[in-house]
>>> print(open('input.cif').read())   # mmCIF, C-alpha atoms
data_data
loop_
_atom_site.label_atom_id
_atom_site.label_comp_id
_atom_site.auth_asym_id
_atom_site.auth_seq_id
_atom_site.Cartn_x
_atom_site.Cartn_y
_atom_site.Cartn_z
CA MET A 1 -66.86 184.61 -12.29
CA GLU A 2 -69.73 186.09 -10.32
CA VAL A 3 -69.14 186.78 -6.63
CA THR A 4 -72.04 187.53 -4.27
CA LEU A 5 -71.83 188.53 -0.62
CA TRP A 6 -74.44 186.61 1.41
CA GLY A 7 -73.05 187.37 4.85
CA THR A 8 -70.61 190.16 5.71
CA ARG A 9 -70.82 190.29 9.52
CA GLY A 10 -68.10 188.96 11.81
CA SER A 11 -68.33 187.05 15.07
CA LEU A 12 -72.10 187.08 15.59
CA ALA A 13 -75.18 187.46 13.44
CA THR A 14 -76.47 191.00 14.00
CA PRO A 15 -79.89 191.48 12.42
CA GLY A 16 -81.80 194.70 12.94
CA PRO A 17 -82.72 197.99 11.32
CA GLU A 18 -79.39 199.58 12.29
CA THR A 19 -77.40 196.94 10.34
CA ALA A 20 -79.80 196.38 7.44
CA ARG A 21 -77.62 197.96 4.74
CA TYR A 22 -74.25 196.29 5.46
CA GLY A 23 -76.08 193.18 6.60
CA GLY A 24 -76.39 191.09 9.73
CA ASN A 25 -75.59 187.58 8.47
CA THR A 26 -72.19 186.09 9.23
CA SER A 27 -69.56 185.21 6.63
CA CYS A 28 -70.69 183.59 3.42
CA VAL A 29 -69.75 184.37 -0.19
CA GLY A 30 -71.12 182.62 -3.28
CA VAL A 31 -68.98 182.18 -6.40
CA ARG A 32 -70.45 181.02 -9.73
CA GLY A 33 -68.38 180.21 -12.78
CA PRO A 34 -69.62 180.69 -16.34
CA ASP A 35 -69.78 176.89 -16.71
CA GLY A 36 -71.92 176.54 -13.60
CA THR A 37 -69.37 175.61 -10.91
CA VAL A 38 -70.72 176.64 -7.51
CA LEU A 39 -68.31 177.55 -4.71
CA VAL A 40 -69.53 178.65 -1.30
CA LEU A 41 -66.92 180.44 0.80
CA ASP A 42 -67.68 179.81 4.46
CA ALA A 43 -70.94 178.67 5.99
CA GLY A 44 -71.98 181.53 8.23
CA THR A 45 -75.64 182.33 8.60
CA GLY A 46 -75.68 183.89 5.11
CA ILE A 47 -75.45 180.41 3.58
CA ARG A 48 -79.12 179.66 4.31
CA ARG A 49 -80.34 182.28 1.86
CA LEU A 50 -77.68 181.38 -0.69
CA GLY A 51 -79.02 177.80 -0.58
CA THR A 52 -82.50 178.96 -1.52
CA THR A 53 -81.18 180.56 -4.74
CA LEU A 54 -79.68 177.32 -6.11
CA ASP A 55 -82.19 175.75 -8.47
CA SER A 56 -82.83 172.05 -8.81
CA SER A 57 -80.47 171.74 -11.77
CA VAL A 58 -77.45 172.26 -9.49
CA ARG A 59 -75.99 168.83 -8.73
CA ARG A 60 -72.61 169.70 -7.22
CA VAL A 61 -71.61 172.29 -4.63
CA HIS A 62 -68.21 172.95 -3.05
CA ILE A 63 -68.12 174.59 0.37
CA LEU A 64 -64.71 176.08 1.21
CA LEU A 65 -64.34 176.76 4.93
CA THR A 66 -61.57 179.09 6.07
CA HIS A 67 -61.79 177.83 9.65
CA LEU A 68 -64.26 176.35 12.08
CA HIS A 69 -65.14 179.26 14.33
CA MET A 70 -68.88 179.35 14.93
CA ASP A 71 -69.57 182.43 12.79
CA HIS A 72 -68.17 180.55 9.77
CA ILE A 73 -70.04 177.26 10.19
CA GLN A 74 -73.25 178.11 12.03
CA GLY A 75 -75.33 178.12 8.86
CA LEU A 76 -74.04 174.78 7.59
CA GLY A 77 -76.90 172.74 8.98
CA PHE A 78 -79.39 175.07 7.29
CA PHE A 79 -77.93 174.77 3.80
CA GLY A 80 -80.67 173.20 1.70
CA PRO A 81 -78.49 171.14 -0.69
CA LEU A 82 -77.17 169.10 2.27
CA TYR A 83 -80.63 167.52 2.45
CA ARG A 84 -80.88 166.61 -1.25
CA PRO A 85 -79.75 163.04 -2.10
CA ASP A 86 -79.14 164.06 -5.73
CA VAL A 87 -76.51 166.68 -4.82
CA GLU A 88 -72.79 166.08 -4.34
CA VAL A 89 -71.49 168.37 -1.61
CA SER A 90 -67.75 168.69 -1.04
CA ILE A 91 -66.62 170.45 2.11
CA TRP A 92 -63.05 171.73 2.18
CA GLY A 93 -61.64 172.88 5.51
CA PRO A 94 -58.59 172.90 7.76
CA VAL A 95 -57.57 170.11 10.09
CA SER A 96 -56.01 170.64 13.49
CA SER A 97 -52.80 168.99 14.57
CA LYS A 98 -54.79 166.22 16.27
CA LEU A 99 -58.23 166.06 14.60
CA GLY A 100 -59.33 165.56 11.01
CA LEU A 101 -61.97 167.71 9.35
CA ARG A 102 -64.78 165.17 9.95
CA GLU A 103 -64.09 164.98 13.68
CA ARG A 104 -63.88 168.74 13.94
CA LEU A 105 -67.14 169.35 12.04
CA MET A 106 -68.95 166.68 14.05
CA ARG A 107 -68.34 168.66 17.21
CA TYR A 108 -70.98 171.04 15.89
CA LEU A 109 -73.02 168.82 13.57
CA SER A 110 -74.11 166.33 16.20
CA PRO A 111 -76.37 166.42 19.26
CA PRO A 112 -76.66 168.27 21.55
CA LEU A 113 -75.53 171.29 19.51
CA PHE A 114 -77.39 170.22 16.36
CA PRO A 115 -80.09 167.56 15.93
CA VAL A 116 -78.76 166.10 12.68
CA SER A 117 -75.43 164.30 12.62
CA LEU A 118 -72.99 164.77 9.76
CA ARG A 119 -73.32 161.10 8.76
CA GLU A 120 -77.12 161.39 8.56
CA LEU A 121 -77.09 164.11 5.90
CA PRO A 122 -78.89 162.83 2.75
CA CYS A 123 -76.54 164.51 0.25
CA GLN A 124 -73.49 162.77 -1.25
CA LEU A 125 -70.94 164.28 1.09
CA THR A 126 -67.16 164.25 0.72
CA LEU A 127 -64.63 166.04 2.89
CA HIS A 128 -61.28 167.45 1.81
CA GLU A 129 -58.58 168.71 4.12
CA VAL A 130 -56.74 171.96 3.46
CA PRO A 131 -54.25 173.48 2.96
CA CYS A 132 -53.43 171.10 0.12
CA GLY A 133 -51.54 173.20 -2.40
CA GLU A 134 -53.23 174.02 -5.71
CA VAL A 135 -56.29 172.01 -6.74
CA ASP A 136 -58.77 172.25 -9.59
CA ILE A 137 -62.35 172.55 -8.37
CA GLY A 138 -64.68 172.54 -11.35
CA GLU A 139 -63.60 175.36 -13.60
CA PHE A 140 -61.55 177.07 -10.88
CA ARG A 141 -57.98 176.62 -9.68
CA VAL A 142 -57.93 177.03 -5.90
CA SER A 143 -54.93 177.63 -3.63
CA SER A 144 -55.08 177.73 0.13
CA ALA A 145 -52.57 178.68 2.79
CA LEU A 146 -52.60 178.98 6.56
CA VAL A 147 -52.81 182.58 7.74
CA CYS A 148 -52.52 184.49 11.00
CA HIS A 149 -55.71 183.88 13.04
CA PRO A 150 -56.22 181.83 16.22
CA GLY A 151 -56.55 178.13 15.41
CA PRO A 152 -55.95 176.55 11.99
CA THR A 153 -57.25 179.11 9.47
CA VAL A 154 -56.69 179.35 5.74
CA GLY A 155 -57.23 181.94 3.06
CA TYR A 156 -58.28 181.00 -0.48
CA ARG A 157 -57.07 182.22 -3.86
CA ILE A 158 -59.49 181.34 -6.66
CA THR A 159 -58.49 181.70 -10.29
CA ASP A 160 -60.89 181.23 -13.17
CA ALA A 161 -60.17 180.08 -16.73
CA LYS A 162 -59.69 183.69 -17.90
CA GLY A 163 -57.07 184.29 -15.18
CA SER A 164 -59.25 186.51 -12.98
CA VAL A 165 -58.31 186.13 -9.32
CA LEU A 166 -60.51 186.33 -6.23
CA VAL A 167 -58.81 186.17 -2.82
CA TYR A 168 -60.84 185.52 0.33
CA LEU A 169 -59.27 186.32 3.72
CA PRO A 170 -62.23 187.01 6.02
CA ASP A 171 -60.43 186.46 9.34
CA HIS A 172 -56.85 187.66 9.22
CA GLU A 173 -54.44 189.65 11.36
CA PRO A 174 -51.33 190.21 9.21
CA ALA A 175 -50.32 193.12 11.46
CA LEU A 176 -49.63 190.87 14.43
CA GLY A 177 -45.92 191.30 15.08
CA PRO A 178 -44.46 193.67 12.48
CA SER A 179 -44.27 197.18 13.87
CA PRO A 180 -45.02 199.42 12.11
CA PHE A 181 -47.27 197.48 9.75
CA PRO A 182 -46.52 196.86 6.97
CA SER A 183 -42.75 196.89 7.34
CA LEU A 184 -41.79 193.55 5.84
CA PRO A 185 -42.00 192.37 2.23
CA ARG A 186 -44.94 190.30 1.02
CA ALA A 187 -43.12 186.97 1.43
CA TRP A 188 -42.80 187.69 5.15
CA THR A 189 -46.39 188.91 5.58
CA SER A 190 -49.19 186.50 6.42
CA GLY A 191 -51.40 186.09 3.34
CA GLY A 192 -49.10 188.35 1.29
CA SER A 193 -48.35 185.99 -1.55
CA LEU A 194 -51.87 184.53 -1.50
CA ALA A 195 -53.34 188.00 -2.10
CA ALA A 196 -50.71 189.27 -4.52
CA ASN A 197 -52.16 191.13 -7.52
CA ALA A 198 -55.70 189.88 -6.87
CA ASP A 199 -58.46 191.34 -9.02
CA LEU A 200 -60.78 191.23 -6.00
CA LEU A 201 -59.69 190.88 -2.37
CA ILE A 202 -62.35 190.23 0.28
CA HIS A 203 -60.59 190.92 3.57
CA ASP A 204 -61.22 191.16 7.30
CA SER A 205 -61.73 194.75 8.47
CA GLN A 206 -63.41 194.14 11.80
CA TYR A 207 -62.08 197.05 13.82
CA GLY A 208 -61.55 200.76 13.85
CA SER A 209 -57.94 201.77 14.57
CA HIS A 210 -58.54 202.55 18.25
CA GLN A 211 -60.62 199.42 18.72
CA TYR A 212 -57.76 197.28 17.36
CA LEU A 213 -55.45 198.43 20.14
CA THR A 214 -57.53 196.56 22.71
CA HIS A 215 -57.94 193.49 20.48
CA VAL A 216 -54.35 192.73 19.40
CA GLY A 217 -53.98 188.99 18.89
CA TRP A 218 -57.69 188.32 18.44
CA GLY A 219 -57.06 187.50 14.79
CA HIS A 220 -58.64 190.47 13.03
CA SER A 221 -57.57 193.67 11.29
CA SER A 222 -58.44 197.30 11.53
CA LEU A 223 -59.76 198.89 8.37
CA LYS A 224 -56.54 200.93 8.08
CA GLN A 225 -54.45 197.74 8.28
CA THR A 226 -56.65 196.14 5.63
CA LEU A 227 -56.08 199.08 3.30
CA ASP A 228 -52.33 198.86 3.94
CA PHE A 229 -52.38 195.09 3.35
CA ALA A 230 -54.19 195.62 0.05
CA THR A 231 -51.58 198.18 -0.97
CA LEU A 232 -48.75 195.77 -0.10
CA SER A 233 -50.52 193.03 -2.07
CA GLU A 234 -51.06 195.34 -5.07
CA VAL A 235 -54.69 194.31 -5.46
CA LYS A 236 -57.04 195.97 -7.93
CA HIS A 237 -60.22 196.02 -5.85
CA LEU A 238 -60.72 195.64 -2.11
CA VAL A 239 -63.88 194.63 -0.28
CA PRO A 240 -63.62 195.30 3.49
CA PHE A 241 -65.56 192.48 5.17
CA HIS A 242 -66.35 190.74 8.49
CA HIS A 243 -67.74 193.82 10.19
CA ASP A 244 -67.79 194.01 13.96
CA PRO A 245 -71.23 193.27 15.51
CA SER A 246 -71.06 196.55 17.42
CA HIS A 247 -70.81 198.63 14.23
CA THR A 248 -74.06 200.00 12.83
CA ASP A 249 -74.49 201.10 9.22
CA VAL A 250 -73.85 204.69 10.33
CA ASP A 251 -70.66 203.65 12.16
CA LEU A 252 -69.40 201.71 9.14
CA ASP A 253 -70.09 204.60 6.75
CA ARG A 254 -68.01 206.88 9.00
CA LEU A 255 -65.19 204.36 9.58
CA MET A 256 -64.91 203.60 5.85
CA ALA A 257 -64.90 207.29 4.88
CA GLU A 258 -62.25 208.19 7.49
CA ALA A 259 -59.94 205.27 6.68
CA ILE A 260 -60.18 205.76 2.92
CA ALA A 261 -59.51 209.50 3.26
CA GLU A 262 -56.42 208.75 5.35
CA ALA A 263 -55.01 205.89 3.25
CA LYS A 264 -55.85 207.35 -0.18
CA PRO A 265 -55.81 203.94 -1.87
CA THR A 266 -54.86 203.77 -5.54
CA TYR A 267 -57.16 200.78 -6.02
CA ARG A 268 -60.95 200.57 -5.86
CA VAL A 269 -62.61 200.02 -2.48
CA THR A 270 -66.19 198.76 -2.14
CA PRO A 271 -67.32 198.27 1.46
CA GLY A 272 -68.78 194.79 1.86
CA GLN A 273 -72.58 194.94 1.92
CA GLU A 274 -74.83 191.89 1.96
CA GLY A 275 -76.38 191.24 -1.44
CA THR A 276 -73.66 192.93 -3.49
CA THR A 277 -72.49 191.04 -6.59
CA PHE A 278 -69.15 191.53 -8.33
CA ARG A 279 -68.36 190.26 -11.83
CA LEU A 280 -64.73 189.48 -12.67
CA MET B 281 -48.44 182.84 -7.17
CA ALA B 282 -45.09 183.83 -5.66
CA THR B 283 -43.71 181.60 -2.93
CA SER B 284 -44.37 182.82 0.57
CA LYS B 285 -42.93 181.85 3.93
CA SER B 286 -45.18 179.48 5.85
CA ILE B 287 -47.29 180.98 8.63
CA GLN B 288 -45.26 178.93 11.13
CA ILE B 289 -42.05 180.62 9.96
CA ILE B 290 -43.67 184.08 9.77
CA LEU B 291 -44.97 183.79 13.34
CA ALA B 292 -41.62 182.43 14.56
CA ARG B 293 -39.91 185.51 13.14
CA GLN B 294 -42.47 187.80 14.74
CA LEU B 295 -41.85 186.12 18.10
CA ALA B 296 -38.08 186.42 17.65
CA SER B 297 -38.45 190.10 16.76
CA CYS B 298 -40.09 191.01 20.04
CA VAL B 299 -38.10 189.10 22.67
CA ALA B 300 -34.75 189.90 24.27
CA THR B 301 -33.52 186.32 23.92
CA PRO B 302 -31.10 185.73 21.02
CA ILE B 303 -32.91 183.62 18.41
CA LEU B 304 -31.88 182.19 15.08
CA LEU B 305 -34.20 180.69 12.45
CA VAL B 306 -33.40 178.33 9.59
CA ASP B 307 -35.73 176.90 6.96
CA ALA B 308 -36.07 173.19 6.19
CA GLU B 309 -33.03 173.33 3.87
CA GLY B 310 -30.87 174.87 6.58
CA THR B 311 -30.78 178.35 5.05
CA LEU B 312 -30.36 180.95 7.79
CA ILE B 313 -33.50 183.01 7.20
CA PHE B 314 -33.52 185.29 10.25
CA TYR B 315 -31.72 186.23 13.44
CA ASN B 316 -32.95 188.87 15.86
CA GLU B 317 -31.25 191.93 17.34
CA PRO B 318 -29.97 190.18 20.49
CA ALA B 319 -28.41 187.54 18.22
CA GLU B 320 -26.88 190.28 16.07
CA THR B 321 -24.97 191.45 19.17
CA ILE B 322 -23.52 187.99 19.75
CA PHE B 323 -22.68 187.40 16.07
CA HIS B 324 -21.39 190.97 15.67
CA THR B 325 -23.20 191.26 12.36
CA ARG B 326 -26.58 192.66 11.35
CA PHE B 327 -29.33 190.70 9.61
CA ASP B 328 -30.19 193.70 7.44
CA GLU B 329 -26.62 193.55 6.08
CA THR B 330 -26.39 189.81 5.49
CA GLY B 331 -29.97 188.89 4.64
CA GLU B 332 -30.67 185.20 4.21
CA ILE B 333 -27.57 182.99 4.05
CA PRO B 334 -27.49 179.49 2.49
CA ALA B 335 -26.64 176.60 4.81
CA GLY B 336 -23.13 175.92 3.50
CA GLU B 337 -22.22 179.59 3.64
CA TRP B 338 -23.30 180.49 7.17
CA THR B 339 -21.80 177.38 8.73
CA ALA B 340 -18.54 178.29 6.96
CA ARG B 341 -18.70 181.94 8.08
CA LEU B 342 -19.31 181.08 11.71
CA ALA B 343 -16.65 178.73 13.09
CA ALA B 344 -17.93 176.46 15.87
CA VAL B 345 -16.03 174.17 18.26
CA ASP B 346 -17.12 171.96 21.12
CA ASP B 347 -16.13 172.32 24.76
CA ASP B 348 -12.90 170.41 24.00
CA ARG B 349 -12.21 172.99 21.27
CA LYS B 350 -12.63 170.40 18.52
CA PRO B 351 -14.26 171.78 15.35
CA ILE B 352 -17.90 170.79 14.90
CA PRO B 353 -18.60 169.65 11.32
CA PRO B 354 -21.44 171.57 9.61
CA GLU B 355 -23.77 168.55 9.73
CA ASP B 356 -23.29 168.27 13.51
CA ARG B 357 -24.15 171.91 14.28
CA PRO B 358 -27.21 172.11 16.55
CA MET B 359 -29.56 173.49 13.87
CA MET B 360 -28.45 170.94 11.28
CA ARG B 361 -28.88 168.07 13.74
CA VAL B 362 -32.36 169.30 14.64
CA LEU B 363 -33.32 169.34 10.96
CA SER B 364 -31.88 165.88 10.25
CA GLU B 365 -33.17 164.26 13.44
CA CYS B 366 -36.44 166.25 13.72
CA ALA B 367 -35.95 166.41 17.47
CA PRO B 368 -34.98 169.14 19.94
CA LEU B 369 -31.53 169.30 21.50
CA SER B 370 -29.52 171.37 23.91
CA GLN B 371 -25.73 171.66 24.01
CA THR B 372 -22.87 174.06 24.73
CA ILE B 373 -20.58 175.25 21.95
CA TRP B 374 -18.00 177.91 21.22
CA ILE B 375 -18.52 180.13 18.16
CA GLN B 376 -16.18 182.63 16.56
CA ARG B 377 -18.04 185.77 15.64
CA ALA B 378 -17.38 188.15 12.75
CA ASP B 379 -14.71 190.20 14.57
CA GLY B 380 -12.74 187.07 15.52
CA GLU B 381 -13.83 186.88 19.16
CA TRP B 382 -14.85 183.53 20.60
CA ARG B 383 -18.11 183.25 22.58
CA HIS B 384 -19.22 180.35 24.77
CA LEU B 385 -22.92 179.58 24.24
CA ARG B 386 -25.60 177.25 25.53
CA VAL B 387 -27.86 176.45 22.59
CA THR B 388 -31.36 174.98 22.68
CA ALA B 389 -32.81 174.22 19.27
CA PHE B 390 -36.07 172.65 18.19
CA PRO B 391 -37.80 171.78 14.92
CA LEU B 392 -40.84 173.68 13.62
CA ILE B 393 -43.20 170.94 12.51
CA GLY B 394 -46.58 171.76 11.02
CA GLU B 395 -49.71 169.87 10.10
CA LYS B 396 -49.18 166.47 8.49
CA ASP B 397 -45.70 166.41 10.04
CA ILE B 398 -44.29 168.86 7.50
CA LEU B 399 -40.92 170.22 8.64
CA PHE B 400 -40.80 173.99 8.08
CA GLY B 401 -37.44 174.71 9.71
CA ALA B 402 -35.90 175.10 13.13
CA MET B 403 -35.47 177.72 15.79
CA SER B 404 -32.59 178.04 18.23
CA ILE B 405 -32.43 180.04 21.41
CA PHE B 406 -29.02 180.66 22.93
CA TRP B 407 -27.36 182.21 25.95
CA GLU B 408 -23.79 183.34 26.55
CA ILE B 409 -22.23 181.34 29.37
#
>>> encode(input="input.cif", output="structure tokens")
Amino acid sequence: MEVTLWGTRGSLATPGPETARYGGNTSCVGVRGPDGTVLVLDAGTGIRRLGTTLDSSVRRVHILLTHLHMDHIQGLGFFGPLYRPDVEVSIWGPVSSKLGLRERLMRYLSPPLFPVSLRELPCQLTLHEVPCGEVDIGEFRVSSALVCHPGPTVGYRITDAKGSVLVYLPDHEPALGPSPFPSLPRAWTSGGSLAANADLLIHDSQYGSHQYLTHVGWGHSSLKQTLDFATLSEVKHLVPFHHDPSHTDVDLDRLMAEAIAEAKPTYRVTPGQEGTTFRL
Amino acid sequence: MATSKSIQIILARQLASCVATPILLVDAEGTLIFYNEPAETIFHTRFDETGEIPAGEWTARLAAVDDDRKPIPPEDRPMMRVLSECAPLSQTIWIQRADGEWRHLRVTAFPLIGEKDILFGAMSIFWEI
């Protein structure tokens, strides 16, 4: 599979010369299978540009939402295929205890927050509620599970026909509770089994270690915790992701270098930069 | 993919780990999957030593009687009733801990129900009377 980062920023789009290298668009990752299956992981502002790269031969797109915080859905209404009647768009996302996915999405995709209502979209739209165990989506097998983040939030594990595994956990605070972290086995760690032995793990790394101390419970990880989580999960390649809006490219270079020097990971680490493509 | 605890159970354990109230957690099958340090004091046994204990085994290890000192059958223990009835309850019981001592407890137990009404287990909070 081919995995491209279209938005790596957390919380708020942060365009500008000081964030140009890591990128200012919010969470969005494109996944293409060799047989042409198109998965879009989250619909942050990065999804707009992803949409412009899909040629007219693409007839089916699956959008997998981890949760419905604004930085993960803000780009949805600007995703070109939603306005093409010849395209089937499936949106997968978590329900709350009281509202289904359609009702939750309509809170954003309806006036006054957005001029076009969900039911007015010209595409052939279907909605699927997660977590729903293991499902086959095109050529991929996809698992989802609720993880530690405020509000219903899932992570996704995507396996292709060759057995390569991508795990996507953009908003995740597995360190909430266990002290020190990690101190419990994988089965008792949020996202632990989902991420186990992944070939590529894209994971929340919003904060520096000191910054995390004033943001405990906000649903995000420090870069050090992300490295420790990746070690616990025995992944092969980690992509720190969902960068804090306050971090410039210079800040991120320094934070990455310091954390990697301290943790000495035995796996590969590639800091998440907009436009990067990985091939599994 | 290896089986993981649900996020509801993981968070319940984290909560239990950082409060001074004795707490016990069972999964949907009734397996005792965690009890915290304050509960260890009452049970006179450590979780690190016992680990998870299947339903039949822990109800057999821990004798329980009602206020009239009549034995409470395993299926009528607070946690088992919560799982079978999917409803909270509160009652007083006597339990015999590992060293043979009897303790009088007030138990409040409630089910952990997730999305789509999936039962993940139950949590009980208890006080010595």
>>> interface_residues(input="input.cif", of="chain B", to="chain A", cutoff="12 Å", atoms="all atoms listed in the file", output="list in words")
Met281, Ala282, Thr283, Ser284, Lys285, Ser286, Ile287, Gln288, Ile289, Ile290, Leu291, Ala292, Arg293, Gln294, Leu295, Ala296, Ser297, Cys298, Val299, Ile313, Phe314, Asp328, Ile393, Gly394, Glu395, Lys396, Asp397 and Ile398 of chain B
>>> residues_around(input="input.cif", residues="Lys264 of chain A", least_positions_apart="5", cutoff="12 Å", atoms="all atoms listed in the file", output="PyMOL selection string")
chain A and resi 224+227-228+230-231+256-259+269
>>> resolve_selection(input="input.cif", expression="the PyMOL selection byres ((chain B and resi 300-306) around 10)", output="PyMOL selection string")
chain B and resi 289+292-293+295-299+307-323+332-335+359-360+363+387-389+391-392+400-408
>>> atom_distance(input="input.cif", atom1="atom CA of Pro180 of chain A", atom2="atom CA of Leu223 of chain A")
15.2 Å
>>> atom_distance(input="input.cif", atom1="atom CA of Leu105 of chain A", atom2="atom CA of Gly138 of chain A")
23.7 Å
>>> atom_distance(input="input.cif", atom1="atom CA of Thr270 of chain A", atom2="atom CA of Leu41 of chain A")
18.6 Å
>>> resolve_selection(input="input.cif", expression="the PyMOL selection byres ((chain A and resi 171) around 7)", output="VMD selection string")
chain A and resid 149 169 to 170 172 204 219 to 220
>>> write_last_selection(input="input.cif", atoms="C-alpha atoms", output="PDB file, in the coordinates of the input")
ATOM      1  CA  HIS A 149     -55.710 183.880  13.040  1.00  0.00           C
ATOM      2  CA  LEU A 169     -59.270 186.320   3.720  1.00  0.00           C
ATOM      3  CA  PRO A 170     -62.230 187.010   6.020  1.00  0.00           C
ATOM      4  CA  HIS A 172     -56.850 187.660   9.220  1.00  0.00           C
ATOM      5  CA  ASP A 204     -61.220 191.160   7.300  1.00  0.00           C
ATOM      6  CA  GLY A 219     -57.060 187.500  14.790  1.00  0.00           C
ATOM      7  CA  HIS A 220     -58.640 190.470  13.030  1.00  0.00           C
TER       8      HIS A 220
END
>>> residues_around(input="input.cif", residues="segment 380-384 of chain B", least_positions_apart="5", cutoff="7 Å", atoms="only C-alpha atoms", output="ChimeraX atom specification")
/B:373-375,408-409
>>> axis_aligned_box(input="input.cif", around="segment 139-143 of chain A", padding_each_side="6 Å", output="JSON")
{"center_x": -59.3, "center_y": 176.5, "center_z": -8.6, "size_x": 20.7, "size_y": 14.3, "size_z": 22.0}
>>> residues_around(input="input.cif", residues="Ser117 of chain A", least_positions_apart="6", cutoff="10 Å", atoms="all atoms listed in the file", output="ChimeraX atom specification")
/A:77,105-111
